[in-house]
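Colleague: This is the structure I want to talk about, given as structure tokens.
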Amino acid sequence: MSKPSPKKPAGRSRTPIREKLTTVRPSGEKDDNFFELVHAVARQIPKGRVTTYGAIAAALGARGSARMVGWAMISGHLVENPVPAHRVVNRTGLLTGRHHYNPPERMQKLLEKEGIKIKDNQVVDFARLFWDPSREL
DNA sequence: ACGCTGACTATTA
DNA sequence: CTAATAGCCAGCG
């Protein structure tokens with residue numbers, strides 16, 4: 001990978017997450033809302049496939065903002081159109097977001113229900129199941 | 001306003 | 001392989 005642009009990525013967007021969660025926004029409203037973009041991409045993840053925080057961030061042009069993607073997942077289950085956040089893992093295929101589920105084992109359960117095998121909180125055959133939004137979308 | 005935290009990742013030692 | 005470091009940036013005390 002190359003990094004010729006030290007400039008700030010386009011992912012910046014102040015996102016009053018609390019307003020987002022408590023306010024129903026009219027359809028067609030799609031501004032610089034980074035979180036909604038993340039949700040939109042995450043919803044495209046095919047069943048039985050997984051992707052990473054970094055891959056989603058990169059697809060949105062915010063290469064270095066993988067953390068914000070994970071953050072967006074937190075609200076992902078509170079919005080009207082639910083986001084399959086369980087299909088998003090870290091770059092090694094580890095289920096780092098499992099602690100946000102109730103109970104934590106639920107994330108693994110959801111993945112297994114889609115035919116994905118999990119061993120030690122890690123996606124088995126991760127490389128093969130990996131779905132790259134910027135390449136396959 | 002400042003510093004720390006965190007569902008991350010790439011780099012370096 | 002592991003560990004430390006540095007970017008990243010919105011929220012919170």
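Letters A, B, ... mark the chains of the structure tokens in the order given; residue numbers begin at 1 per chain; ligand numbers begin at 1, in order shown.
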Would you kindly report the residues of chain B within 12 Å of chain A, using only C-alpha atoms (C1' of nucleotides), as a list in words?

Modeller: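 Selected residues: DT5, DG6, DA7, DC8, DT9 and DA10 of chain B.
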
Colleague: Would you mind exporting the chosen residues as a short mmCIF file (atom, residue, chain, number, x, y, z; two decimals), in the first residue's frame, restricted to all heavy atoms?

Modeller:
data_model
loop_
_atom_site.label_atom_id
_atom_site.label_comp_id
_atom_site.auth_asym_id
_atom_site.auth_seq_id
_atom_site.Cartn_x
_atom_site.Cartn_y
_atom_site.Cartn_z
P DT B 5 -6.44 6.51 30.02
OP1 DT B 5 -6.58 5.77 31.28
OP2 DT B 5 -5.19 6.43 29.24
"O5'" DT B 5 -7.64 6.10 29.07
"C5'" DT B 5 -8.98 6.22 29.56
"C4'" DT B 5 -9.94 5.96 28.42
"O4'" DT B 5 -9.93 7.06 27.50
"C3'" DT B 5 -9.63 4.70 27.60
"O3'" DT B 5 -10.68 3.76 27.77
"C2'" DT B 5 -9.56 5.20 26.17
"C1'" DT B 5 -10.20 6.56 26.22
N1 DT B 5 -9.65 7.53 25.25
C2 DT B 5 -10.52 8.13 24.36
O2 DT B 5 -11.70 7.88 24.32
N3 DT B 5 -9.93 9.01 23.50
C4 DT B 5 -8.60 9.37 23.45
O4 DT B 5 -8.20 10.19 22.63
C5 DT B 5 -7.76 8.72 24.42
C7 DT B 5 -6.31 9.02 24.46
C6 DT B 5 -8.32 7.84 25.27
P DG B 6 -10.41 2.26 27.38
OP1 DG B 6 -11.26 1.43 28.25
OP2 DG B 6 -8.97 1.98 27.26
"O5'" DG B 6 -11.03 2.22 25.91
"C5'" DG B 6 -12.40 2.51 25.70
"C4'" DG B 6 -12.65 2.61 24.19
"O4'" DG B 6 -12.01 3.78 23.69
"C3'" DG B 6 -12.10 1.42 23.39
"O3'" DG B 6 -13.05 0.98 22.44
"C2'" DG B 6 -10.88 1.98 22.71
"C1'" DG B 6 -11.29 3.43 22.53
N9 DG B 6 -10.16 4.34 22.38
C8 DG B 6 -8.92 4.24 22.96
N7 DG B 6 -8.11 5.20 22.62
C5 DG B 6 -8.86 5.99 21.75
C6 DG B 6 -8.52 7.16 21.05
O6 DG B 6 -7.45 7.77 21.05
N1 DG B 6 -9.58 7.64 20.28
C2 DG B 6 -10.81 7.04 20.20
N2 DG B 6 -11.72 7.63 19.42
N3 DG B 6 -11.14 5.94 20.85
C4 DG B 6 -10.13 5.47 21.60
P DA B 7 -13.64 -0.42 23.00
OP1 DA B 7 -15.00 -0.37 23.51
OP2 DA B 7 -12.56 -0.94 23.84
"O5'" DA B 7 -13.58 -1.05 21.56
"C5'" DA B 7 -13.93 -2.26 21.29
"C4'" DA B 7 -13.79 -2.54 19.81
"O4'" DA B 7 -15.11 -2.94 19.42
"C3'" DA B 7 -13.37 -1.44 18.84
"O3'" DA B 7 -12.48 -2.01 17.90
"C2'" DA B 7 -14.66 -1.02 18.18
"C1'" DA B 7 -15.43 -2.33 18.20
N9 DA B 7 -16.88 -2.17 18.21
C8 DA B 7 -17.63 -1.17 18.77
N7 DA B 7 -18.91 -1.32 18.63
C5 DA B 7 -19.02 -2.51 17.93
C6 DA B 7 -20.11 -3.23 17.45
N6 DA B 7 -21.37 -2.86 17.64
N1 DA B 7 -19.88 -4.37 16.78
C2 DA B 7 -18.62 -4.75 16.61
N3 DA B 7 -17.50 -4.17 17.01
C4 DA B 7 -17.78 -3.04 17.67
P DC B 8 -10.89 -1.95 18.13
OP1 DC B 8 -10.36 -3.28 17.89
OP2 DC B 8 -10.51 -1.23 19.34
"O5'" DC B 8 -10.50 -1.04 16.87
"C5'" DC B 8 -11.25 -1.02 15.69
"C4'" DC B 8 -10.34 -0.65 14.54
"O4'" DC B 8 -9.54 0.47 14.94
"C3'" DC B 8 -9.38 -1.77 14.13
"O3'" DC B 8 -9.34 -1.86 12.72
"C2'" DC B 8 -8.06 -1.33 14.70
"C1'" DC B 8 -8.17 0.17 14.68
N1 DC B 8 -7.33 0.79 15.72
C2 DC B 8 -6.39 1.75 15.34
O2 DC B 8 -6.31 2.06 14.16
N3 DC B 8 -5.61 2.31 16.28
C4 DC B 8 -5.73 1.95 17.55
N4 DC B 8 -4.94 2.54 18.43
C5 DC B 8 -6.71 0.99 17.96
C6 DC B 8 -7.47 0.44 17.03
P DT B 9 -8.47 -3.04 12.04
OP1 DT B 9 -9.13 -3.39 10.77
OP2 DT B 9 -8.17 -4.09 13.02
"O5'" DT B 9 -7.14 -2.25 11.70
"C5'" DT B 9 -7.24 -0.99 11.06
"C4'" DT B 9 -5.86 -0.48 10.71
"O4'" DT B 9 -5.28 0.21 11.83
"C3'" DT B 9 -4.84 -1.55 10.29
"O3'" DT B 9 -4.14 -1.09 9.15
"C2'" DT B 9 -3.92 -1.67 11.48
"C1'" DT B 9 -3.96 -0.24 12.02
N1 DT B 9 -3.63 -0.12 13.45
C2 DT B 9 -2.80 0.90 13.84
O2 DT B 9 -2.32 1.70 13.07
N3 DT B 9 -2.55 0.96 15.18
C4 DT B 9 -3.04 0.11 16.15
O4 DT B 9 -2.74 0.27 17.32
C5 DT B 9 -3.91 -0.93 15.67
C7 DT B 9 -4.48 -1.90 16.63
C6 DT B 9 -4.16 -1.00 14.36
P DA B 10 -3.25 -2.06 8.28
OP1 DA B 10 -3.92 -2.19 6.98
OP2 DA B 10 -2.93 -3.28 9.06
"O5'" DA B 10 -1.90 -1.23 8.07
"C5'" DA B 10 -1.97 0.17 7.93
"C4'" DA B 10 -0.62 0.77 8.28
"O4'" DA B 10 -0.46 0.91 9.71
"C3'" DA B 10 0.55 -0.08 7.81
"O3'" DA B 10 1.54 0.76 7.24
"C2'" DA B 10 1.06 -0.76 9.07
"C1'" DA B 10 0.71 0.25 10.15
N9 DA B 10 0.42 -0.35 11.45
C8 DA B 10 -0.32 -1.47 11.71
N7 DA B 10 -0.43 -1.76 12.99
C5 DA B 10 0.30 -0.75 13.61
C6 DA B 10 0.58 -0.47 14.96
N6 DA B 10 0.14 -1.21 15.97
N1 DA B 10 1.34 0.61 15.23
C2 DA B 10 1.78 1.36 14.23
N3 DA B 10 1.59 1.20 12.92
C4 DA B 10 0.83 0.12 12.68
#

Colleague: Using 8 Å as the limit and counting only C-alpha atoms (C1' of nucleotides), can you tabulate each residue of chain C that touches chain A, with its shortest atom-to-atom distance in Å and the two atoms involved, as CSV?

Modeller:
residue,atom,partner,partner_atom,distance
C:DG7,C1',A:Gly64,CA,7.4
C:DC8,C1',A:Ser65,CA,5.3
C:DC9,C1',A:Met68,CA,7.2
C:DA10,C1',A:Arg14,CA,7.4

Colleague: Write out as a PyMOL selection string which residues come within 12 Å of DG13 in chain C when counting only C-alpha atoms (C1' of nucleotides), dropping same-chain ones fewer than 3 positions away.

Modeller: chain B and resi 2-5

Colleague: Would you put the residues from that selection into a file with N, CA and C atoms (P, O5', C5', C4', C3', O3' and C1' of nucleotides), as a PDB file, in the first residue's frame?

Modeller:
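Written file, out-v2.pdb:
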ATOM      1  P    DC B   2      -6.099  23.797  25.333  1.00  0.00           P
ATOM      2  O5'  DC B   2      -5.999  22.552  26.332  1.00  0.00           O
ATOM      3  C5'  DC B   2      -6.070  22.793  27.749  1.00  0.00           C
ATOM      4  C4'  DC B   2      -5.762  21.515  28.499  1.00  0.00           C
ATOM      5  C3'  DC B   2      -4.923  20.511  27.705  1.00  0.00           C
ATOM      6  O3'  DC B   2      -4.099  19.789  28.604  1.00  0.00           O
ATOM      7  C1'  DC B   2      -7.065  19.592  28.129  1.00  0.00           C
ATOM      8  P    DG B   3      -2.934  18.782  28.022  1.00  0.00           P
ATOM      9  O5'  DG B   3      -3.499  17.358  28.479  1.00  0.00           O
ATOM     10  C5'  DG B   3      -3.942  17.197  29.820  1.00  0.00           C
ATOM     11  C4'  DG B   3      -4.616  15.851  29.996  1.00  0.00           C
ATOM     12  C3'  DG B   3      -3.926  14.702  29.258  1.00  0.00           C
ATOM     13  O3'  DG B   3      -3.903  13.588  30.132  1.00  0.00           O
ATOM     14  C1'  DG B   3      -6.178  14.848  28.556  1.00  0.00           C
ATOM     15  P    DC B   4      -3.091  12.253  29.679  1.00  0.00           P
ATOM     16  O5'  DC B   4      -4.274  11.196  29.673  1.00  0.00           O
ATOM     17  C5'  DC B   4      -5.259  11.235  30.706  1.00  0.00           C
ATOM     18  C4'  DC B   4      -6.458  10.387  30.335  1.00  0.00           C
ATOM     19  C3'  DC B   4      -6.094   9.053  29.656  1.00  0.00           C
ATOM     20  O3'  DC B   4      -6.797   8.019  30.285  1.00  0.00           O
ATOM     21  C1'  DC B   4      -7.672  10.242  28.364  1.00  0.00           C
ATOM     22  P    DT B   5      -6.439   6.511  30.020  1.00  0.00           P
ATOM     23  O5'  DT B   5      -7.640   6.095  29.071  1.00  0.00           O
ATOM     24  C5'  DT B   5      -8.977   6.217  29.560  1.00  0.00           C
ATOM     25  C4'  DT B   5      -9.941   5.958  28.417  1.00  0.00           C
ATOM     26  C3'  DT B   5      -9.632   4.696  27.597  1.00  0.00           C
ATOM     27  O3'  DT B   5     -10.677   3.759  27.773  1.00  0.00           O
ATOM     28  C1'  DT B   5     -10.195   6.564  26.220  1.00  0.00           C
TER      29       DT B   5
END

Colleague: Output as a ChimeraX atom specification all residues of range 24-85 of chain A that backbone DSSP marks as alpha helix (DSSP H).

Modeller: /A:34-42,53-59,66-76

Colleague: Go ahead and write the selection's residues with N, CA, C and O atoms as an mmCIF file, in the first residue's frame.

Modeller:
data_model
loop_
_atom_site.group_PDB
_atom_site.id
_atom_site.type_symbol
_atom_site.label_atom_id
_atom_site.label_comp_id
_atom_site.auth_asym_id
_atom_site.auth_seq_id
_atom_site.Cartn_x
_atom_site.Cartn_y
_atom_site.Cartn_z
ATOM 1 N N PHE A 34 -20.412 10.852 8.374
ATOM 2 C CA PHE A 34 -19.506 9.713 8.257
ATOM 3 C C PHE A 34 -20.127 8.432 8.817
ATOM 4 O O PHE A 34 -20.006 7.361 8.236
ATOM 5 N N PHE A 35 -20.820 8.584 9.888
ATOM 6 C CA PHE A 35 -21.417 7.418 10.523
ATOM 7 C C PHE A 35 -22.433 6.732 9.626
ATOM 8 O O PHE A 35 -22.483 5.512 9.525
ATOM 9 N N GLU A 36 -23.239 7.524 8.975
ATOM 10 C CA GLU A 36 -24.260 6.926 8.111
ATOM 11 C C GLU A 36 -23.617 6.262 6.906
ATOM 12 O O GLU A 36 -24.107 5.258 6.399
ATOM 13 N N LEU A 37 -22.529 6.825 6.451
ATOM 14 C CA LEU A 37 -21.814 6.220 5.336
ATOM 15 C C LEU A 37 -21.282 4.858 5.766
ATOM 16 O O LEU A 37 -21.351 3.881 5.034
ATOM 17 N N VAL A 38 -20.748 4.821 6.954
ATOM 18 C CA VAL A 38 -20.241 3.557 7.494
ATOM 19 C C VAL A 38 -21.370 2.539 7.582
ATOM 20 O O VAL A 38 -21.224 1.387 7.182
ATOM 21 N N HIS A 39 -22.494 2.984 8.081
ATOM 22 C CA HIS A 39 -23.642 2.085 8.198
ATOM 23 C C HIS A 39 -24.066 1.572 6.833
ATOM 24 O O HIS A 39 -24.377 0.396 6.674
ATOM 25 N N ALA A 40 -24.055 2.479 5.866
ATOM 26 C CA ALA A 40 -24.479 2.101 4.515
ATOM 27 C C ALA A 40 -23.587 1.011 3.958
ATOM 28 O O ALA A 40 -24.062 0.037 3.368
ATOM 29 N N VAL A 41 -22.294 1.155 4.153
ATOM 30 C CA VAL A 41 -21.348 0.146 3.659
ATOM 31 C C VAL A 41 -21.520 -1.166 4.414
ATOM 32 O O VAL A 41 -21.590 -2.239 3.816
ATOM 33 N N ALA A 42 -21.630 -1.056 5.718
ATOM 34 C CA ALA A 42 -21.736 -2.252 6.548
ATOM 35 C C ALA A 42 -22.979 -3.067 6.195
ATOM 36 O O ALA A 42 -22.955 -4.297 6.230
ATOM 37 N N TYR A 53 -12.733 -3.095 9.932
ATOM 38 C CA TYR A 53 -12.949 -1.667 10.200
ATOM 39 C C TYR A 53 -12.118 -0.845 9.221
ATOM 40 O O TYR A 53 -12.595 0.137 8.658
ATOM 41 N N GLY A 54 -10.898 -1.251 9.054
ATOM 42 C CA GLY A 54 -9.993 -0.521 8.178
ATOM 43 C C GLY A 54 -10.453 -0.541 6.734
ATOM 44 O O GLY A 54 -10.328 0.448 6.017
ATOM 45 N N ALA A 55 -11.002 -1.656 6.299
ATOM 46 C CA ALA A 55 -11.457 -1.785 4.912
ATOM 47 C C ALA A 55 -12.616 -0.837 4.642
ATOM 48 O O ALA A 55 -12.680 -0.209 3.588
ATOM 49 N N ILE A 56 -13.498 -0.728 5.604
ATOM 50 C CA ILE A 56 -14.636 0.179 5.451
ATOM 51 C C ILE A 56 -14.148 1.620 5.435
ATOM 52 O O ILE A 56 -14.555 2.419 4.599
ATOM 53 N N ALA A 57 -13.251 1.922 6.345
ATOM 54 C CA ALA A 57 -12.700 3.283 6.412
ATOM 55 C C ALA A 57 -12.016 3.629 5.097
ATOM 56 O O ALA A 57 -12.226 4.704 4.538
ATOM 57 N N ALA A 58 -11.244 2.706 4.577
ATOM 58 C CA ALA A 58 -10.519 2.936 3.328
ATOM 59 C C ALA A 58 -11.489 3.152 2.176
ATOM 60 O O ALA A 58 -11.272 3.990 1.309
ATOM 61 N N ALA A 59 -12.575 2.395 2.181
ATOM 62 C CA ALA A 59 -13.575 2.511 1.118
ATOM 63 C C ALA A 59 -14.240 3.877 1.143
ATOM 64 O O ALA A 59 -14.735 4.353 0.130
ATOM 65 N N ALA A 66 -10.068 4.051 11.125
ATOM 66 C CA ALA A 66 -10.710 2.769 11.409
ATOM 67 C C ALA A 66 -11.431 2.803 12.754
ATOM 68 O O ALA A 66 -12.465 2.165 12.933
ATOM 69 N N ARG A 67 -10.887 3.573 13.660
ATOM 70 C CA ARG A 67 -11.506 3.640 14.992
ATOM 71 C C ARG A 67 -12.903 4.222 14.918
ATOM 72 O O ARG A 67 -13.799 3.831 15.642
ATOM 73 N N MET A 68 -13.060 5.174 14.047
ATOM 74 C CA MET A 68 -14.368 5.816 13.920
ATOM 75 C C MET A 68 -15.382 4.829 13.363
ATOM 76 O O MET A 68 -16.564 4.906 13.657
ATOM 77 N N VAL A 69 -14.906 3.903 12.551
ATOM 78 C CA VAL A 69 -15.802 2.890 11.995
ATOM 79 C C VAL A 69 -16.336 2.020 13.119
ATOM 80 O O VAL A 69 -17.539 1.765 13.216
ATOM 81 N N GLY A 70 -15.444 1.594 13.973
ATOM 82 C CA GLY A 70 -15.865 0.780 15.104
ATOM 83 C C GLY A 70 -16.828 1.558 15.979
ATOM 84 O O GLY A 70 -17.799 1.014 16.498
ATOM 85 N N TRP A 71 -16.567 2.805 16.099
ATOM 86 C CA TRP A 71 -17.429 3.649 16.888
ATOM 87 C C TRP A 71 -18.822 3.737 16.271
ATOM 88 O O TRP A 71 -19.843 3.697 16.942
ATOM 89 N N ALA A 72 -18.841 3.852 14.982
ATOM 90 C CA ALA A 72 -20.116 3.955 14.270
ATOM 91 C C ALA A 72 -20.944 2.686 14.477
ATOM 92 O O ALA A 72 -22.168 2.719 14.442
ATOM 93 N N MET A 73 -20.272 1.587 14.703
ATOM 94 C CA MET A 73 -20.972 0.325 14.912
ATOM 95 C C MET A 73 -21.792 0.358 16.188
ATOM 96 O O MET A 73 -22.815 -0.287 16.309
ATOM 97 N N ILE A 74 -21.327 1.138 17.157
ATOM 98 C CA ILE A 74 -22.040 1.214 18.429
ATOM 99 C C ILE A 74 -23.452 1.726 18.206
ATOM 100 O O ILE A 74 -24.407 1.188 18.746
ATOM 101 N N SER A 75 -23.578 2.753 17.385
ATOM 102 C CA SER A 75 -24.900 3.297 17.097
ATOM 103 C C SER A 75 -25.603 2.451 16.048
ATOM 104 O O SER A 75 -26.796 2.569 15.851
ATOM 105 N N GLY A 76 -24.845 1.595 15.402
ATOM 106 C CA GLY A 76 -25.392 0.783 14.318
ATOM 107 C C GLY A 76 -26.577 -0.079 14.702
ATOM 108 O O GLY A 76 -27.420 -0.379 13.867
#

Colleague: Could you check how far CA of His77 in chain A sits from CA of Val124 in chain A, in Å to one decimal?

Modeller: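 Atom-to-atom, CA of His77 in chain A to CA of Val124 in chain A, that is 24.8 Å.
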
Colleague: If I take CA of Ile45 in chain A and CA of Asn121 in chain A, how far is one from the other in Å, to one decimal?

Modeller: 19.7 Å

Colleague: As an exercise, work out the distance from C1' of DC12 in chain C to CA of Leu60 in chain A in Å and give it to one decimal place.

Modeller: 26.7 Å

Colleague: Using only C-alpha atoms (C1' of nucleotides), which protein or nucleic acid residues come within 12 Å of Gly115 in chain A? Drop anything in the same chain fewer than 3 positions from it, and give the result as a PyMOL selection string.

Modeller: chain A and resi 47-50+87+108-112+118+123-125+129

Colleague: For the residues selected in the previous step, produce a file with N, CA and C atoms as an mmCIF file, in the first residue's frame.

Modeller:
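Writing the result to out_19.cif gives the following:
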data_model
loop_
_atom_site.group_PDB
_atom_site.id
_atom_site.type_symbol
_atom_site.label_atom_id
_atom_site.label_comp_id
_atom_site.auth_asym_id
_atom_site.auth_seq_id
_atom_site.Cartn_x
_atom_site.Cartn_y
_atom_site.Cartn_z
ATOM 1 N N LYS A 47 -24.291 -11.854 3.614
ATOM 2 C CA LYS A 47 -24.429 -12.804 4.706
ATOM 3 C C LYS A 47 -23.384 -13.905 4.550
ATOM 4 N N GLY A 48 -22.760 -14.230 5.635
ATOM 5 C CA GLY A 48 -21.746 -15.276 5.576
ATOM 6 C C GLY A 48 -20.367 -14.747 5.224
ATOM 7 N N ARG A 49 -20.252 -13.452 5.045
ATOM 8 C CA ARG A 49 -18.950 -12.848 4.751
ATOM 9 C C ARG A 49 -18.625 -11.849 5.865
ATOM 10 N N VAL A 50 -17.378 -11.444 5.928
ATOM 11 C CA VAL A 50 -16.963 -10.469 6.942
ATOM 12 C C VAL A 50 -16.032 -9.430 6.320
ATOM 13 N N ARG A 87 -20.586 -8.680 11.460
ATOM 14 C CA ARG A 87 -19.779 -9.078 10.304
ATOM 15 C C ARG A 87 -18.539 -8.212 10.146
ATOM 16 N N GLN A 108 -20.421 -14.060 18.210
ATOM 17 C CA GLN A 108 -19.961 -15.321 17.626
ATOM 18 C C GLN A 108 -21.148 -16.172 17.192
ATOM 19 N N LYS A 109 -22.171 -16.153 18.012
ATOM 20 C CA LYS A 109 -23.375 -16.928 17.709
ATOM 21 C C LYS A 109 -23.995 -16.482 16.387
ATOM 22 N N LEU A 110 -24.075 -15.187 16.209
ATOM 23 C CA LEU A 110 -24.654 -14.638 14.987
ATOM 24 C C LEU A 110 -23.844 -15.051 13.764
ATOM 25 N N LEU A 111 -22.545 -15.034 13.898
ATOM 26 C CA LEU A 111 -21.680 -15.403 12.780
ATOM 27 C C LEU A 111 -21.806 -16.892 12.463
ATOM 28 N N GLU A 112 -21.844 -17.675 13.500
ATOM 29 C CA GLU A 112 -21.959 -19.119 13.290
ATOM 30 C C GLU A 112 -23.282 -19.470 12.636
ATOM 31 N N ILE A 118 -15.959 -20.001 14.143
ATOM 32 C CA ILE A 118 -15.162 -19.157 15.027
ATOM 33 C C ILE A 118 -14.338 -20.024 15.961
ATOM 34 N N VAL A 123 -12.185 -15.518 13.389
ATOM 35 C CA VAL A 123 -12.862 -16.085 12.230
ATOM 36 C C VAL A 123 -11.961 -17.101 11.544
ATOM 37 N N VAL A 124 -12.481 -18.314 11.392
ATOM 38 C CA VAL A 124 -11.717 -19.358 10.718
ATOM 39 C C VAL A 124 -11.762 -19.104 9.213
ATOM 40 N N ASP A 125 -10.626 -19.246 8.577
ATOM 41 C CA ASP A 125 -10.552 -19.020 7.127
ATOM 42 C C ASP A 125 -10.936 -17.586 6.781
ATOM 43 N N LEU A 129 -13.121 -15.498 3.581
ATOM 44 C CA LEU A 129 -14.433 -14.910 3.840
ATOM 45 C C LEU A 129 -14.408 -13.392 3.804
#

Colleague: Compile the contact shell of DA13 in chain B as a ChimeraX atom specification: residues with an atom at most 12 Å away, counting only C-alpha atoms (C1' of nucleotides), same-chain residues fewer than 6 positions apart removed.

Modeller: /C:2-5
